[in-house]
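Report on the following structure.
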Amino acid sequence: MSKNIKNIMFCSFLLTAFLGVAQETANGSDVNSFIIGGGQEFTESSVFVNSVAILDVYTIGGGGGGGGTVFEAGMPFSAGAGAMPEVWLNYTYRPIDPNDESEIFVRSSHPIPAGIDIEARVIEVSSGGDFVDRGENGNFSIDENNGKIVKSFGAGYTDDGETNGYKIEYTFSNSGTESLPAGFSIIYEIIKK
Amino acid sequence: MKRYLYSILFLVTLQYANGQVQDGTLVITGSPSFSQSAATQEAGLDDSENIIGSLDPLVTFILNETINPVTGDTTSREQNCETVYLYKVFMHTSNMPAGTIIKAKTFDNSGSRFPLVSNYDGLPPSGKYFGDRDLVAETNGADIDGFITIPDDGTVAIKVFEFKGCREDIPVEFRVTPSVGTPSGTSNFQVYYTITAEPFS
């Protein structure tokens, strides 16, 4: 008997505890909830935000990113093939129109000399931020024309810095003796579809 | 038999007096707008800097003037406000743009009593059935800085504050947190204030 009472007391304590935390609400859509002695009014408000489409790159092991320069200016590539630095691509995107979509492209600042081939692909995608994986996983050669590295996407953000967004791998091969021209760089651009 | 009738009448009258709550008028002065000056400059970050409302709207609730249907006498708003009720203010929005959070708050005892001084205030503590005519900001579910998230759903309008007796010019602070999901440009929405009255029982 006394155990029952104890149980009941415990239950009421729990209930009270929950009541204490719960926020009080009212049904503002039902006139009966406020018609007696109360009332309801509303005002018109507005919110304005800018559209934003920005991206940023961080190189692993290399100097700071940000400018989009992956290769050291005039960096000579004498022979052989090898992996280029790995790059993390971040973006923040709020389209001008909610239905708009954008894509991210890469291109070289200068024509690629004969005998040199630079290929790019996405090898890893982070799970942070708020975006859908639309990365291009197959290798494609980079030249002065825009190559799509991220397929169409809507509003989203990847989180900032290394290990966030898309990890891009560049593969470099040089069958000749040419080197990349001075000031050579890779340009990233976010473009509305 | 007659004795019973009197008792019943007395009880009915008591019920009636208890159940009746006088009508008042809710007035909201001013409406804030929220305008972002610049989007984030750091790629990768969500664009979620808080936007403070352009102004704090003022909430006023005062009992209406009444006219006695028999004598034709007028009872002023001040006189009617001698009867103290507990008022709770609930808020919700409608058409809030996607990806956007709006929060509101006020401060304890913000605004002013109406009338500023009343006979009720002069009663001994035991006579003030509702205690002092004060305003209490809701703290349940509030952020550390006192802001309460307002739902975009009328069926669950959330309590932001409560006060006893008529009160005027209660400032309500608003703040909007956008995200990249907030449509760019201007989005219009409505802010609803629902006030409920409870008599002392």
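Chain identifiers are assigned as A, B, and so on, following the order in which chains appear in the structure tokens; residues are numbered from 1 within each chain, and ligands are numbered from 1 in order of appearance.
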
Please find the residues of chain A near chain B - the criterion being any atom within 9 Å, counting only C-alpha atoms - and write them as a ChimeraX atom specification. /A:20-30,33-57,89-98,129-130,154-161,164-165

DSSP-assigned strand (DSSP E) among chain B, expressed as an MDAnalysis selection string: chainID B and resid 24:29 33:35 51:52 58:63 66:67 74:75 86:94 101:105 112:113 135:137 148:149 157:164 167:171 173:177 185:198

For B:Ser110, work out the shell of residues within 8 Å, counting only C-alpha atoms and skipping chain neighbours fewer than 4 positions away, then give it as a PDB file with N, CA and C atoms, in the first residue's frame.
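This is the output file selection.pdb:
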```
ATOM      1  N   THR B 106      11.019  40.420 -23.898  1.00  0.00           N
ATOM      2  CA  THR B 106      10.855  41.701 -23.227  1.00  0.00           C
ATOM      3  C   THR B 106      11.525  41.556 -21.872  1.00  0.00           C
ATOM      4  N   LEU B 135       4.868  42.762 -14.532  1.00  0.00           N
ATOM      5  CA  LEU B 135       5.054  41.974 -15.751  1.00  0.00           C
ATOM      6  C   LEU B 135       6.229  41.028 -15.550  1.00  0.00           C
ATOM      7  N   ILE B 170       4.428  48.105 -23.696  1.00  0.00           N
ATOM      8  CA  ILE B 170       5.403  47.054 -23.377  1.00  0.00           C
ATOM      9  C   ILE B 170       6.271  46.833 -24.621  1.00  0.00           C
ATOM     10  N   PRO B 171       7.555  47.166 -24.550  1.00  0.00           N
ATOM     11  CA  PRO B 171       8.402  47.003 -25.732  1.00  0.00           C
ATOM     12  C   PRO B 171       8.775  45.532 -25.940  1.00  0.00           C
TER      13      PRO B 171
END
```
